[in-house]
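Below is query32.cif, which holds mmCIF, C-alpha atoms.
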```
data_structure
#
loop_
_atom_site.group_PDB
_atom_site.id
_atom_site.type_symbol
_atom_site.label_atom_id
_atom_site.label_comp_id
_atom_site.auth_asym_id
_atom_site.auth_seq_id
_atom_site.Cartn_x
_atom_site.Cartn_y
_atom_site.Cartn_z
ATOM 1 C CA MET A 1 -23.894 -67.861 -13.947
ATOM 2 C CA ASN A 2 -23.517 -69.925 -10.809
ATOM 3 C CA PRO A 3 -23.648 -68.440 -7.265
ATOM 4 C CA LYS A 4 -19.856 -68.631 -6.772
ATOM 5 C CA GLU A 5 -19.219 -66.670 -9.955
ATOM 6 C CA GLU A 6 -21.814 -64.066 -8.923
ATOM 7 C CA GLU A 7 -20.204 -63.801 -5.487
ATOM 8 C CA LEU A 8 -16.766 -63.412 -7.083
ATOM 9 C CA LEU A 9 -18.018 -60.727 -9.494
ATOM 10 C CA GLY A 10 -19.672 -58.885 -6.610
ATOM 11 C CA ARG A 11 -16.421 -58.977 -4.639
ATOM 12 C CA ILE A 12 -14.461 -57.705 -7.666
ATOM 13 C CA GLU A 13 -16.906 -54.795 -8.041
ATOM 14 C CA GLN A 14 -16.505 -53.957 -4.339
ATOM 15 C CA LEU A 15 -12.711 -53.972 -4.650
ATOM 16 C CA GLU A 16 -12.829 -51.769 -7.763
ATOM 17 C CA ALA A 17 -15.111 -49.289 -5.973
ATOM 18 C CA GLU A 18 -12.778 -49.237 -2.951
ATOM 19 C CA ASN A 19 -9.796 -48.721 -5.245
ATOM 20 C CA ARG A 20 -11.563 -45.743 -6.906
ATOM 21 C CA ARG A 21 -12.323 -44.224 -3.473
ATOM 22 C CA LEU A 22 -8.672 -44.630 -2.392
ATOM 23 C CA ARG A 23 -7.409 -42.975 -5.601
ATOM 24 C CA GLU A 24 -9.853 -40.095 -5.113
ATOM 25 C CA ARG A 25 -8.717 -39.697 -1.504
ATOM 26 C CA GLU A 26 -5.067 -39.743 -2.625
ATOM 27 C CA ASN A 27 -5.801 -37.078 -5.254
ATOM 28 C CA ASP A 28 -7.594 -34.961 -2.629
ATOM 29 C CA THR A 29 -4.622 -35.320 -0.291
ATOM 30 C CA ALA A 30 -2.192 -34.337 -3.058
ATOM 31 C CA GLN A 31 -4.300 -31.273 -3.896
ATOM 32 C CA ALA A 32 -4.403 -30.282 -0.220
ATOM 33 C CA LEU A 33 -0.617 -30.638 -0.051
ATOM 34 C CA TYR A 34 -0.094 -28.474 -3.141
ATOM 35 C CA THR A 35 -2.444 -25.834 -1.736
ATOM 36 C CA LEU A 36 -0.638 -25.879 1.615
ATOM 37 C CA ILE A 37 2.784 -25.503 -0.024
ATOM 38 C CA ARG A 38 1.560 -22.643 -2.254
ATOM 39 C CA LYS A 39 0.082 -20.749 0.703
ATOM 40 C CA LEU A 40 3.121 -20.959 2.970
ATOM 41 C CA PRO A 41 4.788 -17.555 3.273
ATOM 42 C CA ALA A 42 8.285 -19.044 3.607
ATOM 43 C CA PRO A 43 10.079 -20.665 0.665
ATOM 44 C CA ALA A 44 8.937 -24.297 0.699
ATOM 45 C CA LEU A 45 8.690 -27.414 -1.403
ATOM 46 C CA ALA A 46 7.505 -30.993 -1.125
ATOM 47 C CA VAL A 47 9.818 -33.822 -2.144
ATOM 48 C CA GLY A 48 8.419 -37.168 -3.265
ATOM 49 C CA GLU A 49 9.830 -40.544 -4.172
ATOM 50 C CA GLY A 50 13.095 -40.446 -6.092
ATOM 51 C CA MET A 51 13.857 -37.008 -4.568
ATOM 52 C CA GLU A 52 11.721 -35.292 -7.189
ATOM 53 C CA ILE A 53 9.884 -32.099 -6.341
ATOM 54 C CA LEU A 54 6.130 -32.551 -6.043
ATOM 55 C CA ALA A 55 5.425 -28.825 -5.630
ATOM 56 C CA ALA A 56 7.301 -25.638 -4.773
ATOM 57 C CA ASN A 57 5.836 -22.274 -3.851
ATOM 58 C CA GLY A 58 6.439 -18.803 -5.300
ATOM 59 C CA PRO A 59 8.744 -17.621 -2.486
ATOM 60 C CA PHE A 60 10.968 -20.666 -3.132
ATOM 61 C CA VAL A 61 11.166 -19.909 -6.847
ATOM 62 C CA ARG A 62 11.953 -16.228 -6.173
ATOM 63 C CA LEU A 63 14.666 -17.088 -3.644
ATOM 64 C CA GLY A 64 16.159 -19.530 -6.160
ATOM 65 C CA GLY A 65 16.813 -16.739 -8.634
ATOM 66 C CA TYR A 66 16.851 -16.702 -12.395
ATOM 67 C CA ARG A 67 17.856 -20.342 -12.992
ATOM 68 C CA VAL A 68 15.072 -21.712 -10.747
ATOM 69 C CA ALA A 69 12.531 -19.278 -12.240
ATOM 70 C CA GLN A 70 13.446 -20.504 -15.743
ATOM 71 C CA ARG A 71 13.009 -24.109 -14.601
ATOM 72 C CA ALA A 72 9.618 -23.220 -13.043
ATOM 73 C CA GLU A 73 8.425 -21.845 -16.380
ATOM 74 C CA LEU A 74 9.009 -25.260 -17.961
ATOM 75 C CA SER A 75 7.592 -27.208 -14.996
ATOM 76 C CA PRO A 76 4.926 -25.299 -13.056
ATOM 77 C CA ALA A 77 5.606 -25.396 -9.301
ATOM 78 C CA LEU A 78 8.807 -27.286 -10.268
ATOM 79 C CA SER A 79 6.708 -30.452 -10.307
ATOM 80 C CA GLY A 80 8.765 -33.469 -11.399
ATOM 81 C CA VAL A 81 12.096 -31.612 -11.262
ATOM 82 C CA PRO A 82 14.874 -33.512 -9.450
ATOM 83 C CA LEU A 83 15.775 -31.684 -6.242
ATOM 84 C CA GLY A 84 19.454 -31.673 -7.255
ATOM 85 C CA GLU A 85 18.643 -29.402 -10.200
ATOM 86 C CA VAL A 86 17.516 -26.527 -7.970
ATOM 87 C CA LEU A 87 19.312 -26.916 -4.636
ATOM 88 C CA PRO A 88 23.039 -27.297 -3.934
ATOM 89 C CA ALA A 89 24.373 -30.772 -3.134
ATOM 90 C CA GLU A 90 24.780 -29.935 0.554
ATOM 91 C CA MET A 91 21.076 -29.077 0.948
ATOM 92 C CA CYS A 92 20.053 -32.069 -1.154
ATOM 93 C CA ALA A 93 22.067 -34.312 1.167
ATOM 94 C CA LEU A 94 20.285 -32.883 4.226
ATOM 95 C CA ALA A 95 16.878 -33.279 2.578
ATOM 96 C CA GLY A 96 17.772 -36.797 1.398
ATOM 97 C CA ALA A 97 18.883 -37.828 4.878
ATOM 98 C CA ALA A 98 15.579 -36.659 6.371
ATOM 99 C CA HIS A 99 13.620 -38.201 3.504
ATOM 100 C CA LEU A 100 15.182 -41.651 3.804
ATOM 101 C CA SER A 101 15.668 -41.854 7.573
ATOM 102 C CA GLY A 102 12.378 -40.312 8.667
ATOM 103 C CA GLU A 103 14.346 -38.028 11.046
ATOM 104 C CA ASP A 104 13.719 -34.296 10.675
ATOM 105 C CA THR A 105 16.535 -31.819 10.084
ATOM 106 C CA GLU A 106 15.929 -28.471 11.746
ATOM 107 C CA ARG A 107 17.580 -25.080 11.467
ATOM 108 C CA GLU A 108 20.734 -25.828 9.569
ATOM 109 C CA ASP A 109 22.188 -22.537 8.336
ATOM 110 C CA ARG A 110 23.061 -22.847 4.657
ATOM 111 C CA LEU A 111 23.950 -20.417 1.906
ATOM 112 C CA TRP A 112 21.806 -20.648 -1.221
ATOM 113 C CA ASN A 113 21.974 -18.322 -4.146
ATOM 114 C CA GLY A 114 23.954 -15.822 -2.056
ATOM 115 C CA VAL A 115 21.382 -15.793 0.764
ATOM 116 C CA LEU A 116 21.904 -17.256 4.235
ATOM 117 C CA CYS A 117 18.914 -19.471 5.011
ATOM 118 C CA ALA A 118 17.747 -21.582 7.920
ATOM 119 C CA PHE A 119 17.141 -24.970 6.253
ATOM 120 C CA SER A 120 14.638 -27.468 7.690
ATOM 121 C CA ALA A 121 13.423 -30.785 6.272
ATOM 122 C CA HIS A 122 10.346 -32.390 7.853
ATOM 123 C CA ASN A 123 9.598 -35.983 6.955
ATOM 124 C CA ILE A 124 5.909 -36.775 6.531
ATOM 125 C CA ARG A 125 6.087 -40.290 5.042
ATOM 126 C CA ARG A 126 9.487 -41.937 5.126
ATOM 127 C CA GLY A 127 10.916 -42.194 1.626
ATOM 128 C CA ARG A 128 7.719 -40.846 0.082
ATOM 129 C CA LEU A 129 7.076 -37.287 1.283
ATOM 130 C CA THR A 130 9.283 -34.638 2.889
ATOM 131 C CA ILE A 131 8.642 -30.916 3.249
ATOM 132 C CA VAL A 132 11.638 -28.588 2.879
ATOM 133 C CA LEU A 133 11.441 -25.095 4.358
ATOM 134 C CA LEU A 134 13.933 -22.266 3.910
ATOM 135 C CA ARG A 135 13.850 -19.125 6.015
ATOM 136 C CA ASN A 136 15.739 -16.159 4.624
ATOM 137 C CA LEU A 137 17.856 -14.920 7.528
ATOM 138 C CA ALA A 138 18.430 -11.620 5.709
ATOM 139 C CA GLU A 139 14.812 -10.642 6.387
ATOM 140 C CA PRO A 140 14.727 -8.767 9.727
ATOM 141 C CA ASN A 141 11.520 -10.322 11.092
ATOM 142 C CA VAL A 142 12.684 -13.844 10.187
ATOM 143 C CA ARG A 143 16.126 -13.215 11.691
ATOM 144 C CA VAL A 144 14.654 -11.965 14.988
ATOM 145 C CA GLU A 145 12.210 -14.882 15.151
ATOM 146 C CA GLU A 146 14.900 -17.468 14.328
ATOM 147 C CA LEU A 147 17.413 -16.029 16.788
ATOM 148 C CA THR A 148 14.799 -15.818 19.536
ATOM 149 C CA GLU A 149 13.803 -19.444 18.936
ATOM 150 C CA ARG A 150 17.441 -20.576 18.946
ATOM 151 C CA LEU A 151 18.161 -18.688 22.173
ATOM 152 C CA GLN A 152 15.105 -20.275 23.776
ATOM 153 C CA GLN A 153 16.204 -23.756 22.662
ATOM 154 C CA THR A 154 19.714 -23.129 24.007
ATOM 155 C CA ALA A 155 18.333 -21.898 27.337
ATOM 156 C CA ASP A 156 16.018 -24.927 27.554
ATOM 157 C CA ARG A 157 18.915 -27.315 26.835
ATOM 158 C CA SER A 158 21.066 -25.576 29.464
ATOM 159 C CA ILE A 159 18.314 -25.780 32.065
ATOM 160 C CA ARG A 160 17.756 -29.478 31.329
ATOM 161 C CA MET A 161 21.496 -30.128 31.640
ATOM 162 C CA ILE A 162 21.679 -28.236 34.963
ATOM 163 C CA GLN A 163 18.692 -30.194 36.252
ATOM 164 C CA GLN A 164 20.336 -33.476 35.242
ATOM 165 C CA VAL A 165 23.637 -32.497 36.879
ATOM 166 C CA ALA A 166 21.831 -31.413 40.057
ATOM 167 C CA PHE A 167 19.889 -34.673 40.103
ATOM 168 C CA LEU A 168 23.048 -36.736 39.606
ATOM 169 C CA LEU A 169 24.877 -34.779 42.303
ATOM 170 C CA GLY A 170 21.939 -35.226 44.652
ATOM 171 C CA GLU A 171 21.885 -38.945 43.917
ATOM 172 C CA GLU A 172 25.642 -39.189 44.493
ATOM 173 C CA VAL A 173 25.460 -37.269 47.798
ATOM 174 C CA SER A 174 22.578 -39.476 48.898
ATOM 175 C CA GLU A 175 24.468 -42.664 47.979
ATOM 176 C CA ASN A 176 27.620 -41.412 49.730
ATOM 177 C CA ALA A 177 25.618 -40.528 52.869
ATOM 178 C CA LYS A 178 24.075 -44.023 52.852
ATOM 179 C CA ALA A 179 27.492 -45.662 52.470
ATOM 180 C CA ILE A 180 29.072 -43.580 55.242
ATOM 181 C CA GLY A 181 26.068 -44.224 57.493
ATOM 182 C CA SER A 182 26.408 -47.939 56.815
ATOM 183 C CA VAL A 183 30.113 -47.907 57.726
ATOM 184 C CA ILE A 184 29.411 -45.963 60.937
ATOM 185 C CA ARG A 185 26.623 -48.372 61.932
ATOM 186 C CA ALA A 186 28.879 -51.353 61.225
ATOM 187 C CA LEU A 187 31.675 -49.870 63.320
ATOM 188 C CA ASN A 188 29.296 -49.077 66.198
ATOM 189 C CA ALA A 189 27.665 -52.514 66.033
ATOM 190 C CA GLY A 190 31.034 -54.226 66.318
ATOM 191 C CA GLY A 191 31.904 -52.247 69.457
ATOM 192 C CA ILE A 192 34.678 -50.386 67.740
ATOM 193 C CA ASN A 193 34.801 -46.722 68.567
ATOM 194 C CA GLY A 194 37.402 -44.273 69.605
ATOM 195 C CA ASP A 195 36.364 -44.244 73.308
ATOM 196 C CA GLU A 196 36.918 -47.997 73.941
ATOM 197 C CA GLU A 197 40.430 -48.000 72.469
ATOM 198 C CA ARG A 198 41.687 -45.284 74.831
#
```
Write-out of the structure in structure tokens:
Amino acid sequence: MNPKEEELLGRIEQLEAENRRLRERENDTAQALYTLIRKLPAPALAVGEGMEILAANGPFVRLGGYRVAQRAELSPALSGVPLGEVLPAEMCALAGAAHLSGEDTEREDRLWNGVLCAFSAHNIRRGRLTIVLLRNLAEPNVRVEELTERLQQTADRSIRMIQQVAFLLGEEVSENAKAIGSVIRALNAGGINGDEER
């Protein structure tokens, strides 16, 4: 074997080893994701490419009712199940929009299986991984937490708007004062004032 062939074989071995390390890291990441989803107390699932469920947790399956529980018996953690088979079209559209655009959807109130839920979709990797969370607004502690958070967000938005209005008004008053001052200076510089005309 000549030196170029040996060098090429060595490079191929390096690339194969790197490829193995990347696959192992990807498997570790997937396992960490599945563990995270399973341990979340709120109903949650991870959506992968093609809008298929990568993993769903127990609270999600319970909230989904009998039909989702039956589906989970055939596919543990609903892995590989198309999202449209477990969630209504309206929620799938919200999740799909977040999944494809990379823009999160937060706190959309939606009815699922007779339960009012706060729906959120958080994009992790655009088109490849999105986490969907549902918070059951019928649960008192969730309802209080959600309503408190929404009130705080509303108050924050209102304060920001008031600050912007005050700033704009201040800017406008300042600009008007400058313009009036300029006119007065121009009139005084030209010798035009009320006393000389009398």
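Nearest to Lys39 in chain A of all the residues A:Phe60, A:Tyr66, A:Trp112, A:Phe119 is A:Phe60, counting only C-alpha atoms.
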**Complete:** For Val132 in chain A, the closest of A:Ala179, A:Leu45, A:Leu33, A:Ala69 counting all atoms listed in the file is A:Leu45
**Message:** Given all atoms listed in the file as the basis, pick out the residue of A:Leu8, A:Ile124, A:Leu133, A:Ile37 nearest to Asp109 in chain A.
**Reply:**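 Looking only at the distances to Asp109 in chain A, the closest residue turns out to be A:Leu133.
Taking CA of Ala98 in chain A and CA of Leu22 in chain A as endpoints, the distance between them is 27.0 Å.
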Name all residues at most 7 Å from range 73-84 of chain A (count only C-alpha atoms; drop same-chain ones fewer than 5 positions away) and give them as a PDB file with C-alpha atoms, in the frame of the given file.
```pdb
ATOM      1  CA  MET A  51      13.857 -37.008  -4.568  1.00  0.00           C
ATOM      2  CA  GLU A  52      11.721 -35.292  -7.189  1.00  0.00           C
ATOM      3  CA  ILE A  53       9.884 -32.099  -6.341  1.00  0.00           C
ATOM      4  CA  LEU A  54       6.130 -32.551  -6.043  1.00  0.00           C
ATOM      5  CA  ALA A  55       5.425 -28.825  -5.630  1.00  0.00           C
ATOM      6  CA  ALA A  56       7.301 -25.638  -4.773  1.00  0.00           C
ATOM      7  CA  ASN A  57       5.836 -22.274  -3.851  1.00  0.00           C
ATOM      8  CA  ALA A  89      24.373 -30.772  -3.134  1.00  0.00           C
ATOM      9  CA  CYS A  92      20.053 -32.069  -1.154  1.00  0.00           C
TER      10      CYS A  92
END
```
**Option closest in space to Cys117 in chain A, from A:Ala30, A:Ala44, A:Leu15, A:Leu9 [counting all atoms listed in the file]** =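 Among the listed residues, the smallest separation from Cys117 in chain A belongs to A:Ala44.
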